[in-house]
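As stored in start36.csv (CSV, C-alpha atoms):
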chain,number,residue,atom,x,y,z
W,1,MET,CA,11.0,13.7,-8.4
W,2,GLN,CA,13.5,16.5,-8.6
W,3,ILE,CA,15.1,18.4,-5.7
W,4,GLN,CA,14.7,22.1,-5.7
W,5,ASN,CA,17.5,24.6,-4.8
W,6,VAL,CA,17.3,25.1,-1.1
W,7,ASN,CA,18.4,27.6,1.5
W,8,ASN,CA,21.5,27.0,3.6
W,9,SER,CA,19.5,26.7,6.8
W,10,GLN,CA,18.2,23.2,7.3
W,11,PRO,CA,14.9,22.9,9.0
W,12,SER,CA,14.3,20.3,11.7
W,13,PHE,CA,12.2,17.4,10.5
W,14,ASN,CA,10.3,14.9,12.7
W,15,GLY,CA,8.2,12.5,10.6
W,16,TYR,CA,6.7,9.7,12.6
W,17,ILE,CA,5.0,6.2,12.5
W,18,GLY,CA,1.2,6.3,12.4
W,19,ARG,CA,-0.7,4.5,15.1
W,20,ASN,CA,-2.2,2.0,12.6
W,21,VAL,CA,1.3,0.8,11.8
W,22,TYR,CA,2.1,0.4,15.5
W,23,ALA,CA,-1.2,-1.5,16.0
W,24,VAL,CA,-0.4,-4.0,13.2
W,25,VAL,CA,3.2,-4.7,14.2
W,26,ASN,CA,2.4,-4.9,18.0
W,27,ARG,CA,-0.5,-7.2,17.3
W,28,ALA,CA,1.6,-9.5,15.1
W,29,ALA,CA,4.2,-9.9,17.9
W,30,LYS,CA,1.6,-10.3,20.6
W,31,ASN,CA,-0.3,-13.0,18.6
W,32,SER,CA,2.9,-15.0,18.1
W,33,ILE,CA,4.0,-14.7,21.7
W,34,ASN,CA,0.5,-15.8,22.9
W,35,ALA,CA,0.6,-18.7,20.5
W,36,LEU,CA,3.9,-20.0,21.9
W,37,VAL,CA,2.6,-19.7,25.5
W,38,HIS,CA,-0.7,-21.3,24.6
W,39,GLU,CA,1.1,-24.3,23.0
W,40,ALA,CA,3.5,-24.7,26.0
W,41,ASN,CA,0.6,-24.5,28.5
W,42,ALA,CA,-1.4,-27.1,26.5
W,43,LYS,CA,1.5,-29.5,26.4
W,44,LYS,CA,2.4,-28.7,30.0
W,45,TYR,CA,6.0,-27.7,29.4
W,46,ALA,CA,8.0,-24.6,30.1
W,47,VAL,CA,7.9,-22.1,27.3
W,48,GLU,CA,11.3,-21.4,25.7
W,49,GLY,CA,11.9,-17.9,26.8
W,50,TYR,CA,14.5,-17.1,24.1
W,51,LYS,CA,11.8,-17.5,21.5
W,52,LEU,CA,9.6,-14.9,23.2
W,53,VAL,CA,12.6,-12.6,23.4
W,54,ASP,CA,13.4,-13.1,19.7
W,55,ILE,CA,9.8,-12.1,18.8
W,56,ALA,CA,10.1,-9.0,20.9
W,57,LYS,CA,13.4,-8.1,19.3
W,58,LYS,CA,12.0,-8.6,15.8
W,59,ARG,CA,9.2,-6.2,16.7
W,60,THR,CA,11.6,-3.6,18.2
W,61,LYS,CA,14.0,-3.9,15.3
W,62,LEU,CA,11.3,-3.1,12.7
W,63,LEU,CA,9.8,-0.2,14.7
W,64,GLU,CA,13.3,1.3,15.2
W,65,LYS,CA,14.0,1.1,11.5
W,66,LEU,CA,10.7,2.8,10.7
W,67,LYS,CA,11.3,5.5,13.3
W,68,ASN,CA,14.8,6.2,12.0
W,69,TYR,CA,13.6,6.4,8.4
W,70,MET,CA,10.7,8.7,9.2
W,71,GLU,CA,12.8,11.1,11.3
W,72,PRO,CA,14.0,13.3,8.4
W,73,PHE,CA,10.5,13.8,6.9
W,74,HIS,CA,8.3,16.9,7.3
W,75,PRO,CA,6.8,16.8,10.8
W,76,GLU,CA,3.3,16.2,9.5
W,77,THR,CA,4.4,13.2,7.4
W,78,TYR,CA,3.7,9.8,8.8
W,79,MET,CA,3.7,6.2,7.7
W,80,ASP,CA,0.3,4.7,7.6
W,81,VAL,CA,-1.5,1.4,6.8
W,82,ASP,CA,-5.2,1.5,5.9
W,83,ASN,CA,-7.9,-1.0,6.8
W,84,SER,CA,-7.1,-3.1,3.7
W,85,GLY,CA,-3.4,-3.4,4.6
W,86,ASN,CA,-2.0,-0.9,2.2
W,87,PHE,CA,1.1,1.0,3.4
W,88,SER,CA,1.8,4.6,2.4
W,89,LEU,CA,3.4,7.9,3.5
W,90,ARG,CA,0.9,10.7,4.2
W,91,ASN,CA,1.4,14.4,4.7
W,92,LYS,CA,-1.5,15.9,6.6
W,93,LYS,CA,-0.6,19.5,5.9
W,94,LEU,CA,-0.7,19.1,2.1
W,95,ASN,CA,-3.2,16.2,2.1
W,96,LYS,CA,-0.8,14.2,-0.1
W,97,ILE,CA,-0.2,10.4,-0.2
W,98,LEU,CA,2.6,8.3,-1.6
W,99,SER,CA,1.7,4.6,-1.7
W,100,PHE,CA,4.2,1.8,-1.4
W,101,ASP,CA,4.9,0.0,-4.7
W,102,TYR,CA,5.1,-3.3,-3.0
W,103,GLN,CA,2.5,-4.0,-0.4
W,104,PRO,CA,3.0,-6.7,2.4
W,105,ASP,CA,0.7,-9.7,2.2
W,106,LEU,CA,-1.4,-9.3,5.4
W,107,PRO,CA,-4.2,-11.6,6.3
W,108,LYS,CA,-7.7,-10.4,5.4
W,109,LYS,CA,-11.2,-10.9,6.8
W,110,TYR,CA,-13.4,-9.9,4.0
W,111,PHE,CA,-11.6,-6.7,2.8
W,112,ASP,CA,-10.0,-5.6,6.0
W,113,ILE,CA,-6.9,-6.7,8.0
W,114,ASP,CA,-7.6,-9.8,10.1
W,115,TYR,CA,-5.8,-8.8,13.2
W,116,ALA,CA,-6.4,-12.1,14.9
W,117,GLU,CA,-4.3,-13.9,12.2
W,118,LEU,CA,-1.3,-11.6,12.3
W,119,ASN,CA,2.1,-13.1,13.3
W,120,THR,CA,5.8,-12.7,12.9
W,121,LYS,CA,5.7,-13.8,9.3
W,122,HIS,CA,3.8,-10.6,8.6
W,123,ILE,CA,6.4,-8.6,10.5
W,124,ASP,CA,9.0,-10.0,8.1
W,125,ASP,CA,6.8,-9.2,5.1
W,126,ILE,CA,6.2,-5.6,6.3
W,127,GLU,CA,10.0,-5.2,6.7
W,128,GLU,CA,10.6,-6.5,3.2
W,129,SER,CA,8.1,-4.0,1.9
W,130,VAL,CA,9.6,-1.2,3.9
W,131,ASP,CA,13.1,-2.0,2.7
W,132,LEU,CA,12.1,-1.8,-0.9
W,133,PHE,CA,10.3,1.5,-0.3
W,134,ILE,CA,13.3,3.0,1.6
W,135,ARG,CA,15.7,1.9,-1.2
W,136,TYR,CA,13.9,4.1,-3.8
W,137,ASN,CA,12.4,6.9,-1.7
W,138,GLU,CA,15.0,9.1,0.0
W,139,PRO,CA,13.3,11.4,2.6
W,140,GLN,CA,14.3,14.8,1.0
W,141,LEU,CA,13.1,13.7,-2.4
W,142,THR,CA,9.8,12.6,-0.9
W,143,ASN,CA,9.5,15.9,1.0
W,144,THR,CA,10.1,17.7,-2.3
W,145,PHE,CA,7.6,15.4,-4.1
W,146,PHE,CA,4.8,16.2,-1.7
W,147,PHE,CA,5.5,20.0,-2.0
W,148,ASP,CA,5.8,19.9,-5.8
W,149,SER,CA,2.6,17.9,-6.1
W,150,TYR,CA,0.8,20.5,-4.0
W,151,ALA,CA,2.4,23.4,-5.8
W,152,GLN,CA,1.5,22.0,-9.2
W,153,ASN,CA,-2.2,22.3,-8.2
W,154,ARG,CA,-1.7,25.9,-7.3
W,155,LEU,CA,0.1,26.5,-10.7
W,156,ASP,CA,-2.9,25.1,-12.5
W,157,ASP,CA,-5.2,27.3,-10.5
W,158,ALA,CA,-3.1,30.4,-11.5
W,159,LYS,CA,-4.2,29.9,-15.1
W,160,LYS,CA,-7.8,30.8,-14.0
W,161,LEU,CA,-8.0,34.5,-14.8
W,162,SER,CA,-11.3,35.4,-13.1
W,163,LEU,CA,-11.3,37.9,-10.2
W,164,PHE,CA,-11.8,35.0,-7.8
W,165,GLY,CA,-9.0,33.1,-9.4
W,166,ARG,CA,-6.5,36.0,-9.1
W,167,ILE,CA,-7.4,36.5,-5.4
W,168,LYS,CA,-7.0,32.7,-4.8
W,169,THR,CA,-3.6,32.8,-6.5
W,170,PHE,CA,-2.4,35.7,-4.4
W,171,PHE,CA,-3.1,33.8,-1.2
W,172,ALA,CA,-1.7,30.6,-2.7
W,173,ALA,CA,1.6,32.3,-3.4
W,174,ARG,CA,1.9,33.5,0.2
W,175,LYS,CA,1.1,30.0,1.5
W,176,LEU,CA,3.6,28.3,-0.8
W,177,ASP,CA,6.4,30.8,0.2
W,178,LYS,CA,5.5,30.1,3.9
W,179,LEU,CA,5.6,26.3,3.4
W,180,ALA,CA,8.8,26.2,1.3
W,181,PRO,CA,11.2,26.3,4.2
W,182,GLU,CA,9.3,23.6,6.0
W,183,PHE,CA,9.9,21.2,3.1
W,184,ASN,CA,13.5,22.5,2.5
W,185,VAL,CA,12.6,23.8,-1.1
W,186,GLU,CA,13.1,27.1,-2.7
W,187,GLY,CA,10.6,30.0,-2.5
W,188,GLY,CA,9.8,32.8,-4.9
W,189,TRP,CA,6.3,31.5,-5.6
W,190,LYS,CA,4.8,35.0,-6.0
W,191,ASN,CA,6.9,35.5,-9.1
W,192,LYS,CA,6.3,32.0,-10.4
W,193,LEU,CA,2.6,32.3,-10.1
W,194,LYS,CA,2.7,35.8,-11.7
W,195,GLU,CA,4.6,34.3,-14.6
W,196,VAL,CA,2.0,31.6,-15.0
W,197,GLN,CA,-0.8,34.2,-15.0
W,198,SER,CA,1.0,36.3,-17.5
W,199,ASN,CA,1.4,33.4,-19.9
W,200,ALA,CA,-2.2,32.5,-19.4
W,201,LYS,CA,-3.2,36.0,-20.3
W,202,LYS,CA,-1.1,35.9,-23.5
W,203,GLU,CA,-2.6,32.5,-24.4
W,204,GLN,CA,-6.1,33.9,-23.8
W,205,ALA,CA,-5.4,37.0,-26.0
W,206,LEU,CA,-3.9,34.7,-28.8
W,207,LYS,CA,-7.0,32.5,-28.7
W,208,LYS,CA,-9.2,35.6,-29.1
W,209,ILE,CA,-7.2,36.7,-32.2
W,210,ILE,CA,-7.4,33.2,-33.7
W,211,ASN,CA,-11.1,33.0,-33.0
W,212,LYS,CA,-11.6,36.4,-34.6
W,213,ILE,CA,-9.7,35.3,-37.7
W,214,ASP,CA,-11.6,32.0,-37.9
W,215,LYS,CA,-14.9,33.9,-37.6
W,216,LYS,CA,-14.0,36.2,-40.5
W,217,GLU,CA,-12.8,33.2,-42.6
W,218,LYS,CA,-16.1,31.4,-41.9
W,219,GLN,CA,-18.1,34.5,-42.8
W,220,LYS,CA,-16.1,34.8,-46.0
W,221,ILE,CA,-16.8,31.2,-46.9
W,222,ILE,CA,-20.5,31.6,-46.3
W,223,LYS,CA,-20.6,34.8,-48.4
W,224,ASN,CA,-18.8,33.1,-51.3
W,225,ASN,CA,-21.1,30.0,-51.1
W,226,ASN,CA,-24.2,32.3,-51.2
W,227,LYS,CA,-22.7,34.2,-54.1
W,228,MET,CA,-22.0,31.0,-56.1
W,229,ALA,CA,-25.6,29.9,-55.5
W,230,GLU,CA,-26.9,33.3,-56.7
W,231,ASN,CA,-24.8,33.2,-59.9
W,232,ILE,CA,-26.1,29.7,-60.9
W,233,PHE,CA,-29.5,31.2,-61.2

Represent the structure from my file as structure tokens, please.
Amino acid sequence: MQIQNVNNSQPSFNGYIGRNVYAVVNRAAKNSINALVHEANAKKYAVEGYKLVDIAKKRTKLLEKLKNYMEPFHPETYMDVDNSGNFSLRNKKLNKILSFDYQPDLPKKYFDIDYAELNTKHIDDIEESVDLFIRYNEPQLTNTFFFDSYAQNRLDDAKKLSLFGRIKTFFAARKLDKLAPEFNVEGGWKNKLKEVQSNAKKEQALKKIINKIDKKEKQKIIKNNNKMAENIF
């Protein structure tokens, strides 16, 4: 991923943690606390309060780390975990996803997360996964990656030279220039898409010339073949 040249004015970002991530982390902490209380009650002794506090602190520490990491992201980017336990960053505005390379080993029931089996071990595993992701995915680079990925699709569309394709490209350029400041990347997409269209037109014209030459060559070969056959007889 490569950072684009940006404007001097820095936009205000506020990425966030998705509710599914909160659900997994909170349930893991709650299960562990309930297990300690249940064991203490079963054996008729006072639960060791510091252990409950430690679990709560572990939960808070992880959520604070996630919150601080997500803060510089585009406001419609959030950290998510799907039903199968796969963590990712998602941007709703561009409909783009960046999956974690290393996924935490969460308990499964069939193919979905088994919430009843979550505990503090899984909080540790999630934190390890997040730490590896944070190490290699600086927020502005990821913001740029999401934008560039979306823009590349628009650049590909600009090669379509039909009337509908040209109209679509016109509106795409306006949208990209509007989105660029939100992601802290450079604008000028009207000219960029025009250049792509111009190159596509040149390529199309060149193909027509080549096809025309090929057609003449094929006709010449056929003519020569027929003439040779006539000369034999």

### Query
Do you know which residues are at most 12 Å from Val53 (chain W) counting all atoms listed in the file, after dropping those on the same chain fewer than 5 positions away, and could you put them as a list in words?
Ala29, Lys30, Ser32, Ile33, Leu36, Val47, Glu48, Lys58, Arg59, Thr60 and Lys61 of chain W

Using C-alpha atoms, can you export the residues from the last selection as a JSON list (two decimals), in the coordinates of the input?
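Dumped everything to again04.json:
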[["chain", "number", "residue", "atom", "x", "y", "z"],
["W", 29, "ALA", "CA", 4.20, -9.90, 17.90],
["W", 30, "LYS", "CA", 1.60, -10.30, 20.60],
["W", 32, "SER", "CA", 2.90, -15.00, 18.10],
["W", 33, "ILE", "CA", 4.00, -14.70, 21.70],
["W", 36, "LEU", "CA", 3.90, -20.00, 21.90],
["W", 47, "VAL", "CA", 7.90, -22.10, 27.30],
["W", 48, "GLU", "CA", 11.30, -21.40, 25.70],
["W", 58, "LYS", "CA", 12.00, -8.60, 15.80],
["W", 59, "ARG", "CA", 9.20, -6.20, 16.70],
["W", 60, "THR", "CA", 11.60, -3.60, 18.20],
["W", 61, "LYS", "CA", 14.00, -3.90, 15.30]]

#### Entry: Polymer residues at most 6 Å from Ile113 (chain W), all atoms listed in the file, same-chain spacing of 4 or more positions, as a list in words
Asn83, Ser84, Gly85, Pro107 and Lys108 of chain W

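In this structure, CA of Leu89 (chain W) sits 12.2 Å away from CA of Glu138 (chain W).
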
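Atom to atom, CA of Thr77 (chain W) and CA of Thr142 (chain W) stand 9.9 Å apart.
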
### Query
Of the candidates W:Lys65, W:Arg19, W:Arg174, W:Arg154, which shows the shortest atom-to-atom distance to Met79 (chain W), using all atoms listed in the file?
W:Arg19

### Message
Measuring between only C-alpha atoms, which one of W:Tyr50, W:Phe73, W:Phe170, W:Phe133 shows the shortest distance to Ser88 (chain W)?
### Response
W:Phe133

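Minimum atom-to-atom distances from W:Val130, W:Leu52, W:Ala40, W:Ala151 to Asp80 (chain W) were compared using only C-alpha atoms, and the lowest value belongs to W:Val130.
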
### Message
Quick one: residues within 6 Å of region 118-126 of chain W, only C-alpha atoms, excluding same-chain residues fewer than 3 positions away - as JSON, numbers by chain?
### Response
{"W": [28, 29, 31, 32, 104, 115, 129]}

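Counting all atoms listed in the file, the residue from W:Glu186, W:Asp112, W:Asp148, W:Glu39 that sits nearest to Leu94 (chain W) is W:Asp148.
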
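CA of Phe13 (chain W) is positioned 5.1 Å from CA of His74 (chain W).
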
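Residue neighbourhood of Glu64 (chain W), excluding near-sequence residues (fewer than 4 positions): Tyr16, Ile17, Tyr22, Val25, Lys57, Lys58, Arg59, Thr60, Asn68, Tyr69, Met70, Glu71 and Glu127 of chain W, at 12 Å, using all atoms listed in the file.
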
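Nearest residue to Leu62 (chain W) among W:Val24, W:Ala35, W:Ala180, W:Ile97 is W:Val24, counting all atoms listed in the file.
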
Could you rebuild region 54-80 of chain W with N, CA, C and O atoms and give me the result as an mmCIF file, in the coordinates of the input?
data_model
loop_
_atom_site.group_PDB
_atom_site.id
_atom_site.type_symbol
_atom_site.label_atom_id
_atom_site.label_comp_id
_atom_site.auth_asym_id
_atom_site.auth_seq_id
_atom_site.Cartn_x
_atom_site.Cartn_y
_atom_site.Cartn_z
ATOM 1 N N ASP W 54 13.085 -13.339 21.081
ATOM 2 C CA ASP W 54 13.400 -13.100 19.700
ATOM 3 C C ASP W 54 12.195 -12.407 18.970
ATOM 4 O O ASP W 54 12.412 -11.549 18.104
ATOM 5 N N ILE W 55 10.977 -12.766 19.348
ATOM 6 C CA ILE W 55 9.800 -12.100 18.800
ATOM 7 C C ILE W 55 9.790 -10.616 19.162
ATOM 8 O O ILE W 55 9.557 -9.736 18.332
ATOM 9 N N ALA W 56 10.056 -10.361 20.433
ATOM 10 C CA ALA W 56 10.100 -9.000 20.900
ATOM 11 C C ALA W 56 11.175 -8.175 20.202
ATOM 12 O O ALA W 56 10.976 -7.004 19.838
ATOM 13 N N LYS W 57 12.336 -8.805 19.995
ATOM 14 C CA LYS W 57 13.400 -8.100 19.300
ATOM 15 C C LYS W 57 13.073 -7.837 17.840
ATOM 16 O O LYS W 57 13.426 -6.777 17.307
ATOM 17 N N LYS W 58 12.396 -8.787 17.197
ATOM 18 C CA LYS W 58 12.000 -8.600 15.800
ATOM 19 C C LYS W 58 11.048 -7.388 15.689
ATOM 20 O O LYS W 58 11.177 -6.558 14.780
ATOM 21 N N ARG W 59 10.118 -7.292 16.623
ATOM 22 C CA ARG W 59 9.200 -6.200 16.700
ATOM 23 C C ARG W 59 9.940 -4.839 16.861
ATOM 24 O O ARG W 59 9.738 -3.864 16.140
ATOM 25 N N THR W 60 10.844 -4.834 17.867
ATOM 26 C CA THR W 60 11.600 -3.600 18.200
ATOM 27 C C THR W 60 12.488 -3.183 17.023
ATOM 28 O O THR W 60 12.586 -1.997 16.699
ATOM 29 N N LYS W 61 13.130 -4.160 16.387
ATOM 30 C CA LYS W 61 14.000 -3.900 15.300
ATOM 31 C C LYS W 61 13.255 -3.166 14.137
ATOM 32 O O LYS W 61 13.732 -2.168 13.574
ATOM 33 N N LEU W 62 12.080 -3.685 13.800
ATOM 34 C CA LEU W 62 11.300 -3.100 12.700
ATOM 35 C C LEU W 62 10.838 -1.677 13.078
ATOM 36 O O LEU W 62 10.968 -0.746 12.271
ATOM 37 N N LEU W 63 10.318 -1.505 14.276
ATOM 38 C CA LEU W 63 9.800 -0.200 14.700
ATOM 39 C C LEU W 63 10.959 0.838 14.746
ATOM 40 O O LEU W 63 10.765 2.008 14.395
ATOM 41 N N GLU W 64 12.139 0.405 15.170
ATOM 42 C CA GLU W 64 13.300 1.300 15.200
ATOM 43 C C GLU W 64 13.686 1.711 13.773
ATOM 44 O O GLU W 64 14.035 2.868 13.509
ATOM 45 N N LYS W 65 13.639 0.753 12.852
ATOM 46 C CA LYS W 65 14.000 1.100 11.500
ATOM 47 C C LYS W 65 12.976 2.072 10.883
ATOM 48 O O LYS W 65 13.382 3.040 10.214
ATOM 49 N N LEU W 66 11.706 1.882 11.166
ATOM 50 C CA LEU W 66 10.700 2.800 10.700
ATOM 51 C C LEU W 66 10.860 4.194 11.296
ATOM 52 O O LEU W 66 10.756 5.215 10.615
ATOM 53 N N LYS W 67 11.129 4.211 12.603
ATOM 54 C CA LYS W 67 11.300 5.500 13.300
ATOM 55 C C LYS W 67 12.484 6.260 12.729
ATOM 56 O O LYS W 67 12.393 7.469 12.477
ATOM 57 N N ASN W 68 13.609 5.585 12.525
ATOM 58 C CA ASN W 68 14.800 6.200 12.000
ATOM 59 C C ASN W 68 14.576 6.733 10.562
ATOM 60 O O ASN W 68 15.077 7.799 10.182
ATOM 61 N N TYR W 69 13.839 5.953 9.784
ATOM 62 C CA TYR W 69 13.600 6.400 8.400
ATOM 63 C C TYR W 69 12.666 7.596 8.356
ATOM 64 O O TYR W 69 12.879 8.511 7.549
ATOM 65 N N MET W 70 11.684 7.652 9.237
ATOM 66 C CA MET W 70 10.700 8.700 9.200
ATOM 67 C C MET W 70 11.242 10.036 9.813
ATOM 68 O O MET W 70 10.692 11.111 9.551
ATOM 69 N N GLU W 71 12.292 9.962 10.592
ATOM 70 C CA GLU W 71 12.800 11.100 11.300
ATOM 71 C C GLU W 71 13.091 12.348 10.392
ATOM 72 O O GLU W 71 12.758 13.479 10.738
ATOM 73 N N PRO W 72 13.695 12.168 9.191
ATOM 74 C CA PRO W 72 14.000 13.300 8.400
ATOM 75 C C PRO W 72 12.838 13.897 7.564
ATOM 76 O O PRO W 72 13.020 14.861 6.813
ATOM 77 N N PHE W 73 11.659 13.307 7.709
ATOM 78 C CA PHE W 73 10.500 13.800 6.900
ATOM 79 C C PHE W 73 9.889 15.029 7.583
ATOM 80 O O PHE W 73 10.091 15.308 8.769
ATOM 81 N N HIS W 74 9.118 15.737 6.767
ATOM 82 C CA HIS W 74 8.300 16.900 7.300
ATOM 83 C C HIS W 74 7.544 16.418 8.494
ATOM 84 O O HIS W 74 7.023 15.294 8.520
ATOM 85 N N PRO W 75 7.438 17.255 9.537
ATOM 86 C CA PRO W 75 6.800 16.800 10.800
ATOM 87 C C PRO W 75 5.367 16.375 10.705
ATOM 88 O O PRO W 75 4.885 15.711 11.618
ATOM 89 N N GLU W 76 4.677 16.705 9.622
ATOM 90 C CA GLU W 76 3.300 16.200 9.500
ATOM 91 C C GLU W 76 3.204 15.104 8.444
ATOM 92 O O GLU W 76 2.138 14.840 7.887
ATOM 93 N N THR W 77 4.333 14.436 8.209
ATOM 94 C CA THR W 77 4.400 13.200 7.400
ATOM 95 C C THR W 77 4.461 12.015 8.244
ATOM 96 O O THR W 77 5.289 11.966 9.153
ATOM 97 N N TYR W 78 3.624 11.034 7.991
ATOM 98 C CA TYR W 78 3.700 9.800 8.800
ATOM 99 C C TYR W 78 3.470 8.584 7.931
ATOM 100 O O TYR W 78 2.908 8.665 6.830
ATOM 101 N N MET W 79 3.960 7.448 8.428
ATOM 102 C CA MET W 79 3.700 6.200 7.700
ATOM 103 C C MET W 79 2.438 5.585 8.217
ATOM 104 O O MET W 79 2.186 5.510 9.417
ATOM 105 N N ASP W 80 1.608 5.158 7.259
ATOM 106 C CA ASP W 80 0.300 4.700 7.600
ATOM 107 C C ASP W 80 -0.008 3.347 6.930
ATOM 108 O O ASP W 80 0.644 2.986 5.939
#
